[in-house]
Amino acid sequence: MSDPTKQPTMFRPTRRSVMKGVAALAGIAAAGAPGVRVFADTGDQDNQDGGRGVNVLLVHGVWVDGSSWSHVIPILQERGHTVIALQLNLRSLADDVAWARHVLAERVPPGPTVLAGHSYGGAVISGAGTSAPPGRVIGLVFASAFAPDAGESLGQLGAMFRPAPALAHLQPDSQGFLWFDPAAFPANFAQDLPVEEAQVVAAAQRPGAAEIFTDVAGPAAWRTVPSWNLVSTLDRAINPDLQRFMARRANATTIEVASSHASILSHPNAVAGLIQAAARAGGR
């Protein structure tokens, strides 16, 4: 095991490029966050009924779409939640935040709502949760996700530190979108899924514009809304230590799961358990 008190070795980029602009997918900002609860995904934590009537808005990340929540949705629906999974354009952070706000205001039923974001979707829920009326957004759940503060870009969160393995497999196209090499996808994005399932996800991937990793975030909802965080310790797309840092500064209730970046597909019970915990805590 690594020494949790030892600071990670820093990596300072020597050139600017599109690939460095998305270095937010990697980084180490702090190690050994205190107060983190660690357990295996046994499928039964935080799974009791509670918080019925609380809505859940799910926000996907890059290289997947709303269907990436397909294992989590039926668990939540069975427990009495109204669930909506967004489909993002992935062209700019501001546009995706605006779309999430629109759906929250016009499509999610009235009443308390938990926002849950995977990967880049964490930045979206953190922005979208700031404009809701009091009592509307009662909890934020970050699953293997970014949680930027105001004035930060996702690139700034990670570019000062050594890149994660997934960065080597990003392929920019002529229109500025970043694709994940399908051949490398199973081993670097979803290594704990059956290979056949990971290959299907890779084939259906939604690329994101490189600019979403350099766009500056607005005010952060996690500063005022209670947060829950799942850190995937085997993540090869967002460094687990960066996830721990963001969870710690948000004062989030945090669990660690031996998961790939695709935690919402490979560990749906753990993710749904955190969402259910947020619903119970805020829906009292």
# chains A, B, ... in the order shown; residues from 1 in each chain; ligands from 1
call {"tool": "select_by_dssp", "arguments": {"residues": "segment 14-221 of chain A", "states": "alpha helix (DSSP H)", "output": "JSON, numbers by chain"}}
result
{"A": [18, 19, 20, 21, 73, 74, 75, 76, 77, 78, 93, 94, 95, 96, 97, 98, 99, 100, 101, 102, 103, 104, 105, 106, 121, 122, 123, 124, 125, 126, 127, 128, 154, 155, 156, 157, 158, 185, 186, 187, 188, 195, 196, 197, 198, 199, 200, 201, 202, 203]}
call {"tool": "write_last_selection", "arguments": {"atoms": "N, CA and C atoms", "output": "short mmCIF file (atom, residue, chain, number, x, y, z; two decimals), in the first residue's frame"}}
result
data_model
loop_
_atom_site.label_atom_id
_atom_site.label_comp_id
_atom_site.auth_asym_id
_atom_site.auth_seq_id
_atom_site.Cartn_x
_atom_site.Cartn_y
_atom_site.Cartn_z
N VAL A 18 -4.34 20.29 -27.44
CA VAL A 18 -5.68 19.80 -27.11
C VAL A 18 -5.60 18.70 -26.07
N MET A 19 -4.61 17.83 -26.22
CA MET A 19 -4.52 16.72 -25.28
C MET A 19 -4.18 17.22 -23.89
N LYS A 20 -3.33 18.22 -23.77
CA LYS A 20 -3.05 18.78 -22.44
C LYS A 20 -4.25 19.55 -21.92
N GLY A 21 -5.04 20.11 -22.85
CA GLY A 21 -6.23 20.83 -22.40
C GLY A 21 -7.24 19.94 -21.74
N ILE A 73 -31.04 3.07 -12.88
CA ILE A 73 -32.42 3.56 -12.99
C ILE A 73 -33.44 2.58 -12.42
N PRO A 74 -33.42 1.28 -12.80
CA PRO A 74 -34.46 0.40 -12.26
C PRO A 74 -34.40 0.23 -10.75
N ILE A 75 -33.20 0.32 -10.16
CA ILE A 75 -33.08 0.24 -8.70
C ILE A 75 -33.81 1.41 -8.07
N LEU A 76 -33.60 2.61 -8.61
CA LEU A 76 -34.23 3.80 -8.05
C LEU A 76 -35.73 3.80 -8.28
N GLN A 77 -36.15 3.37 -9.47
CA GLN A 77 -37.58 3.32 -9.75
C GLN A 77 -38.29 2.33 -8.84
N GLU A 78 -37.65 1.22 -8.56
CA GLU A 78 -38.25 0.23 -7.67
C GLU A 78 -38.46 0.80 -6.26
N LEU A 93 -19.57 23.40 -21.43
CA LEU A 93 -20.06 23.24 -20.07
C LEU A 93 -21.25 24.15 -19.81
N ALA A 94 -21.17 25.38 -20.28
CA ALA A 94 -22.27 26.33 -20.06
C ALA A 94 -23.57 25.83 -20.68
N ASP A 95 -23.51 25.29 -21.89
CA ASP A 95 -24.71 24.78 -22.55
C ASP A 95 -25.28 23.59 -21.80
N ASP A 96 -24.42 22.70 -21.34
CA ASP A 96 -24.90 21.51 -20.64
C ASP A 96 -25.50 21.88 -19.28
N VAL A 97 -24.91 22.85 -18.59
CA VAL A 97 -25.48 23.33 -17.34
C VAL A 97 -26.85 23.95 -17.59
N ALA A 98 -26.94 24.77 -18.63
CA ALA A 98 -28.22 25.41 -18.97
C ALA A 98 -29.29 24.37 -19.30
N TRP A 99 -28.92 23.32 -20.01
CA TRP A 99 -29.87 22.28 -20.36
C TRP A 99 -30.34 21.54 -19.10
N ALA A 100 -29.41 21.24 -18.20
CA ALA A 100 -29.78 20.57 -16.95
C ALA A 100 -30.74 21.44 -16.14
N ARG A 101 -30.49 22.74 -16.09
CA ARG A 101 -31.39 23.65 -15.38
C ARG A 101 -32.78 23.66 -16.02
N HIS A 102 -32.80 23.66 -17.34
CA HIS A 102 -34.07 23.66 -18.07
C HIS A 102 -34.88 22.41 -17.75
N VAL A 103 -34.24 21.25 -17.82
CA VAL A 103 -34.94 20.00 -17.55
C VAL A 103 -35.40 19.94 -16.10
N LEU A 104 -34.56 20.40 -15.19
CA LEU A 104 -34.94 20.42 -13.78
C LEU A 104 -36.17 21.29 -13.56
N ALA A 105 -36.22 22.42 -14.24
CA ALA A 105 -37.33 23.36 -14.05
C ALA A 105 -38.61 22.92 -14.73
N GLU A 106 -38.49 22.26 -15.91
CA GLU A 106 -39.69 22.02 -16.71
C GLU A 106 -40.11 20.57 -16.85
N GLY A 121 -20.29 14.79 -15.82
CA GLY A 121 -21.61 15.14 -15.32
C GLY A 121 -21.57 15.74 -13.93
N GLY A 122 -20.52 15.48 -13.15
CA GLY A 122 -20.39 16.11 -11.85
C GLY A 122 -20.25 17.61 -11.96
N ALA A 123 -19.52 18.08 -12.97
CA ALA A 123 -19.39 19.52 -13.19
C ALA A 123 -20.73 20.12 -13.59
N VAL A 124 -21.53 19.37 -14.34
CA VAL A 124 -22.83 19.86 -14.78
C VAL A 124 -23.78 20.01 -13.60
N ILE A 125 -23.86 18.99 -12.73
CA ILE A 125 -24.80 19.10 -11.60
C ILE A 125 -24.35 20.17 -10.61
N SER A 126 -23.05 20.35 -10.48
CA SER A 126 -22.56 21.38 -9.56
C SER A 126 -22.95 22.77 -10.04
N GLY A 127 -22.99 22.97 -11.35
CA GLY A 127 -23.44 24.24 -11.90
C GLY A 127 -24.95 24.39 -11.89
N ALA A 128 -25.64 23.31 -12.25
CA ALA A 128 -27.10 23.38 -12.38
C ALA A 128 -27.79 23.54 -11.04
N LEU A 154 -11.89 22.05 -15.75
CA LEU A 154 -11.52 20.67 -15.45
C LEU A 154 -10.05 20.43 -15.77
N GLY A 155 -9.56 21.14 -16.78
CA GLY A 155 -8.14 21.03 -17.10
C GLY A 155 -7.25 21.53 -15.97
N GLN A 156 -7.66 22.63 -15.33
CA GLN A 156 -6.87 23.16 -14.23
C GLN A 156 -6.82 22.21 -13.05
N LEU A 157 -7.85 21.41 -12.86
CA LEU A 157 -7.86 20.47 -11.76
C LEU A 157 -6.81 19.37 -11.92
N GLY A 158 -6.46 19.06 -13.16
CA GLY A 158 -5.56 17.94 -13.35
C GLY A 158 -4.27 18.21 -14.07
N PHE A 185 -10.76 1.12 -24.96
CA PHE A 185 -11.85 1.47 -24.05
C PHE A 185 -12.06 0.44 -22.93
N PRO A 186 -12.16 -0.86 -23.25
CA PRO A 186 -12.42 -1.82 -22.18
C PRO A 186 -11.38 -1.80 -21.06
N ALA A 187 -10.11 -1.67 -21.40
CA ALA A 187 -9.05 -1.76 -20.39
C ALA A 187 -8.80 -0.45 -19.66
N ASN A 188 -9.28 0.67 -20.20
CA ASN A 188 -8.94 1.97 -19.63
C ASN A 188 -10.13 2.81 -19.19
N VAL A 195 -16.00 -7.80 -21.14
CA VAL A 195 -15.41 -7.17 -22.33
C VAL A 195 -16.48 -6.89 -23.39
N GLU A 196 -17.40 -7.82 -23.55
CA GLU A 196 -18.44 -7.64 -24.57
C GLU A 196 -19.29 -6.40 -24.27
N GLU A 197 -19.63 -6.19 -22.99
CA GLU A 197 -20.42 -5.02 -22.63
C GLU A 197 -19.63 -3.73 -22.82
N ALA A 198 -18.36 -3.76 -22.42
CA ALA A 198 -17.52 -2.58 -22.59
C ALA A 198 -17.36 -2.22 -24.07
N GLN A 199 -17.28 -3.20 -24.93
CA GLN A 199 -17.15 -2.94 -26.36
C GLN A 199 -18.41 -2.30 -26.92
N VAL A 200 -19.58 -2.70 -26.41
CA VAL A 200 -20.83 -2.08 -26.84
C VAL A 200 -20.86 -0.61 -26.43
N VAL A 201 -20.46 -0.33 -25.18
CA VAL A 201 -20.42 1.06 -24.70
C VAL A 201 -19.46 1.88 -25.55
N ALA A 202 -18.30 1.30 -25.89
CA ALA A 202 -17.33 2.01 -26.72
C ALA A 202 -17.88 2.31 -28.11
N ALA A 203 -18.63 1.36 -28.66
CA ALA A 203 -19.20 1.56 -29.99
C ALA A 203 -20.26 2.66 -30.01
#
call {"tool": "residues_around", "arguments": {"residues": "Phe177 of chain A", "least_positions_apart": "4", "cutoff": "7 Å", "atoms": "only C-alpha atoms", "output": "PyMOL selection string"}}
result
chain A and resi 172-173+207-210
call {"tool": "write_last_selection", "arguments": {"atoms": "C-alpha atoms", "output": "tab-separated table (two decimals), in the first residue's frame"}}
result
chain	number	residue	atom	x	y	z
A	172	PRO	CA	-9.25	14.40	-31.52
A	173	ASP	CA	-11.12	14.75	-34.80
A	207	PRO	CA	-17.50	12.27	-27.98
A	208	GLY	CA	-17.15	15.59	-26.20
A	209	ALA	CA	-15.74	18.86	-27.48
A	210	ALA	CA	-12.24	19.51	-26.16
call {"tool": "atom_distance", "arguments": {"atom1": "atom CA of Arg107 of chain A", "atom2": "atom CA of Leu58 of chain A"}}
result
12.7 Å
call {"tool": "residues_around", "arguments": {"residues": "Ala116 of chain A", "least_positions_apart": "3", "cutoff": "7 Å", "atoms": "only C-alpha atoms", "output": "number ranges by chain"}}
result
A: 57-59, 125, 140-142
call {"tool": "write_last_selection", "arguments": {"atoms": "C-alpha atoms", "output": "mmCIF file, in the first residue's frame"}}
result
data_model
loop_
_atom_site.group_PDB
_atom_site.id
_atom_site.type_symbol
_atom_site.label_atom_id
_atom_site.label_comp_id
_atom_site.auth_asym_id
_atom_site.auth_seq_id
_atom_site.Cartn_x
_atom_site.Cartn_y
_atom_site.Cartn_z
ATOM 1 C CA LEU A 57 -31.986 13.726 -12.128
ATOM 2 C CA LEU A 58 -29.080 11.740 -13.587
ATOM 3 C CA VAL A 59 -26.340 13.367 -15.678
ATOM 4 C CA ILE A 125 -24.797 19.097 -11.601
ATOM 5 C CA LEU A 140 -25.626 16.127 -4.963
ATOM 6 C CA VAL A 141 -24.116 12.721 -5.740
ATOM 7 C CA PHE A 142 -20.770 12.531 -7.537
#
call {"tool": "residues_around", "arguments": {"residues": "Gly129 of chain A", "least_positions_apart": "5", "cutoff": "8 Å", "atoms": "only C-alpha atoms", "output": "JSON, numbers by chain"}}
result
{"A": [101, 115, 137, 220, 221]}
call {"tool": "select_by_dssp", "arguments": {"residues": "segment 105-278 of chain A", "states": "strand (DSSP E or B)", "output": "number ranges by chain"}}
result
A: 113-118, 137-143, 153, 161, 170-172, 177-180, 208-209, 216, 227-232, 253-257
call {"tool": "residues_around", "arguments": {"residues": "Pro109 of chain A", "least_positions_apart": "4", "cutoff": "10 Å", "atoms": "only C-alpha atoms", "output": "ChimeraX atom specification"}}
result
/A:53-56,82-84,103-105,113
call {"tool": "residues_around", "arguments": {"residues": "Asn229 of chain A", "least_positions_apart": "6", "cutoff": "8 Å", "atoms": "only C-alpha atoms", "output": "PyMOL selection string"}}
result
chain A and resi 141-144+247+252-255+274
call {"tool": "residues_around", "arguments": {"residues": "Gly135 of chain A", "least_positions_apart": "4", "cutoff": "12 Å", "atoms": "only C-alpha atoms", "output": "list in words"}}
result
Val54, Pro110, Gly111, Pro112, Thr113, Val114, Gly129, Thr130, Ser131, Gly139, Thr224, Val225, Pro226, Gly282, Gly283 and Arg284 of chain A
call {"tool": "atom_distance", "arguments": {"atom1": "atom CA of Ser153 of chain A", "atom2": "atom CA of Glu211 of chain A"}}
result
9.8 Å
call {"tool": "atom_distance", "arguments": {"atom1": "atom CA of Ile264 of chain A", "atom2": "atom CA of Ala237 of chain A"}}
result
14.1 Å
call {"tool": "decode", "arguments": {"residues": "segment 91-228 of chain A", "atoms": "C-alpha atoms", "output": "CSV table (one decimal), in the first residue's frame"}}
result
chain,number,residue,atom,x,y,z
A,91,ARG,CA,-20.3,20.9,-26.7
A,92,SER,CA,-19.7,23.3,-23.8
A,93,LEU,CA,-20.1,23.2,-20.1
A,94,ALA,CA,-22.3,26.3,-20.1
A,95,ASP,CA,-24.7,24.8,-22.5
A,96,ASP,CA,-24.9,21.5,-20.6
A,97,VAL,CA,-25.5,23.3,-17.3
A,98,ALA,CA,-28.2,25.4,-19.0
A,99,TRP,CA,-29.9,22.3,-20.4
A,100,ALA,CA,-29.8,20.6,-16.9
A,101,ARG,CA,-31.4,23.7,-15.4
A,102,HIS,CA,-34.1,23.7,-18.1
A,103,VAL,CA,-34.9,20.0,-17.6
A,104,LEU,CA,-34.9,20.4,-13.8
A,105,ALA,CA,-37.3,23.4,-14.0
A,106,GLU,CA,-39.7,22.0,-16.7
A,107,ARG,CA,-39.5,18.2,-16.8
A,108,VAL,CA,-38.7,17.0,-13.3
A,109,PRO,CA,-41.9,16.9,-11.2
A,110,PRO,CA,-42.2,19.5,-8.4
A,111,GLY,CA,-40.6,18.6,-5.1
A,112,PRO,CA,-37.2,17.8,-3.6
A,113,THR,CA,-34.7,16.4,-6.1
A,114,VAL,CA,-31.3,14.7,-5.9
A,115,LEU,CA,-28.8,15.5,-8.8
A,116,ALA,CA,-26.4,12.8,-9.6
A,117,GLY,CA,-23.5,13.1,-12.0
A,118,HIS,CA,-20.9,10.7,-13.4
A,119,SER,CA,-17.5,11.9,-14.6
A,120,TYR,CA,-18.0,15.2,-16.5
A,121,GLY,CA,-21.6,15.1,-15.3
A,122,GLY,CA,-20.4,16.1,-11.9
A,123,ALA,CA,-19.4,19.5,-13.2
A,124,VAL,CA,-22.8,19.9,-14.8
A,125,ILE,CA,-24.8,19.1,-11.6
A,126,SER,CA,-22.6,21.4,-9.6
A,127,GLY,CA,-23.4,24.2,-11.9
A,128,ALA,CA,-27.1,23.4,-12.4
A,129,GLY,CA,-27.8,23.1,-8.7
A,130,THR,CA,-27.1,26.7,-7.9
A,131,SER,CA,-30.1,28.3,-9.5
A,132,ALA,CA,-32.9,26.2,-8.2
A,133,PRO,CA,-35.4,27.5,-5.7
A,134,PRO,CA,-34.7,26.7,-2.0
A,135,GLY,CA,-35.6,23.1,-1.1
A,136,ARG,CA,-35.6,22.0,-4.7
A,137,VAL,CA,-32.1,20.4,-4.9
A,138,ILE,CA,-31.6,18.6,-1.6
A,139,GLY,CA,-28.4,16.6,-2.5
A,140,LEU,CA,-25.6,16.1,-5.0
A,141,VAL,CA,-24.1,12.7,-5.7
A,142,PHE,CA,-20.8,12.5,-7.5
A,143,ALA,CA,-19.9,9.1,-9.0
A,144,SER,CA,-16.3,8.9,-10.3
A,145,ALA,CA,-16.9,12.6,-11.1
A,146,PHE,CA,-15.5,16.1,-11.3
A,147,ALA,CA,-16.6,18.7,-8.8
A,148,PRO,CA,-15.0,22.0,-9.9
A,149,ASP,CA,-15.2,25.2,-7.8
A,150,ALA,CA,-16.1,28.6,-9.3
A,151,GLY,CA,-13.4,29.8,-11.7
A,152,GLU,CA,-11.9,26.4,-12.2
A,153,SER,CA,-11.8,24.4,-15.4
A,154,LEU,CA,-11.5,20.7,-15.5
A,155,GLY,CA,-8.1,21.0,-17.1
A,156,GLN,CA,-6.9,23.2,-14.2
A,157,LEU,CA,-7.9,20.5,-11.8
A,158,GLY,CA,-5.6,17.9,-13.3
A,159,ALA,CA,-3.0,19.5,-15.7
A,160,MET,CA,-0.4,20.1,-12.9
A,161,PHE,CA,-0.1,16.4,-12.2
A,162,ARG,CA,0.8,13.3,-14.0
A,163,PRO,CA,-1.8,12.2,-16.5
A,164,ALA,CA,-4.0,9.2,-16.1
A,165,PRO,CA,-3.6,6.3,-18.5
A,166,ALA,CA,-6.8,7.0,-20.4
A,167,LEU,CA,-5.4,10.3,-21.8
A,168,ALA,CA,-3.1,8.3,-24.1
A,169,HIS,CA,-6.1,6.9,-25.9
A,170,LEU,CA,-8.0,10.1,-26.7
A,171,GLN,CA,-8.3,10.8,-30.4
A,172,PRO,CA,-9.3,14.4,-31.5
A,173,ASP,CA,-11.1,14.7,-34.8
A,174,SER,CA,-11.2,17.6,-37.4
A,175,GLN,CA,-14.1,19.3,-35.6
A,176,GLY,CA,-12.5,19.4,-32.2
A,177,PHE,CA,-14.3,16.5,-30.6
A,178,LEU,CA,-12.4,13.9,-28.6
A,179,TRP,CA,-13.1,10.2,-29.1
A,180,PHE,CA,-11.9,7.4,-26.9
A,181,ASP,CA,-10.1,4.7,-28.9
A,182,PRO,CA,-12.6,1.8,-29.0
A,183,ALA,CA,-9.8,-0.8,-28.8
A,184,ALA,CA,-8.5,0.7,-25.6
A,185,PHE,CA,-11.9,1.5,-24.0
A,186,PRO,CA,-12.4,-1.8,-22.2
A,187,ALA,CA,-9.1,-1.8,-20.4
A,188,ASN,CA,-8.9,2.0,-19.6
A,189,PHE,CA,-12.5,3.1,-19.1
A,190,ALA,CA,-14.5,0.0,-18.0
A,191,GLN,CA,-12.0,-2.7,-17.1
A,192,ASP,CA,-14.4,-4.3,-14.5
A,193,LEU,CA,-17.2,-4.8,-17.0
A,194,PRO,CA,-17.5,-7.9,-19.2
A,195,VAL,CA,-15.4,-7.2,-22.3
A,196,GLU,CA,-18.4,-7.6,-24.6
A,197,GLU,CA,-20.4,-5.0,-22.6
A,198,ALA,CA,-17.5,-2.6,-22.6
A,199,GLN,CA,-17.2,-2.9,-26.4
A,200,VAL,CA,-20.8,-2.1,-26.8
A,201,VAL,CA,-20.4,1.1,-24.7
A,202,ALA,CA,-17.3,2.0,-26.7
A,203,ALA,CA,-19.2,1.6,-30.0
A,204,ALA,CA,-22.0,3.8,-28.8
A,205,GLN,CA,-19.8,6.5,-27.2
A,206,ARG,CA,-20.7,10.2,-27.4
A,207,PRO,CA,-17.5,12.3,-28.0
A,208,GLY,CA,-17.2,15.6,-26.2
A,209,ALA,CA,-15.7,18.9,-27.5
A,210,ALA,CA,-12.2,19.5,-26.2
A,211,GLU,CA,-13.5,22.9,-24.9
A,212,ILE,CA,-15.6,21.4,-22.2
A,213,PHE,CA,-12.3,20.6,-20.3
A,214,THR,CA,-11.1,24.2,-20.5
A,215,ASP,CA,-14.4,26.0,-19.9
A,216,VAL,CA,-14.5,27.8,-16.6
A,217,ALA,CA,-17.1,26.6,-14.1
A,218,GLY,CA,-19.5,29.0,-12.4
A,219,PRO,CA,-20.6,28.9,-8.8
A,220,ALA,CA,-20.5,25.5,-7.2
A,221,ALA,CA,-23.6,24.0,-5.7
A,222,TRP,CA,-21.6,21.7,-3.5
A,223,ARG,CA,-20.7,24.7,-1.4
A,224,THR,CA,-24.3,25.0,-0.2
A,225,VAL,CA,-25.9,21.6,-0.9
A,226,PRO,CA,-25.0,18.4,1.0
A,227,SER,CA,-22.9,16.1,-1.2
A,228,TRP,CA,-22.2,12.4,-1.4
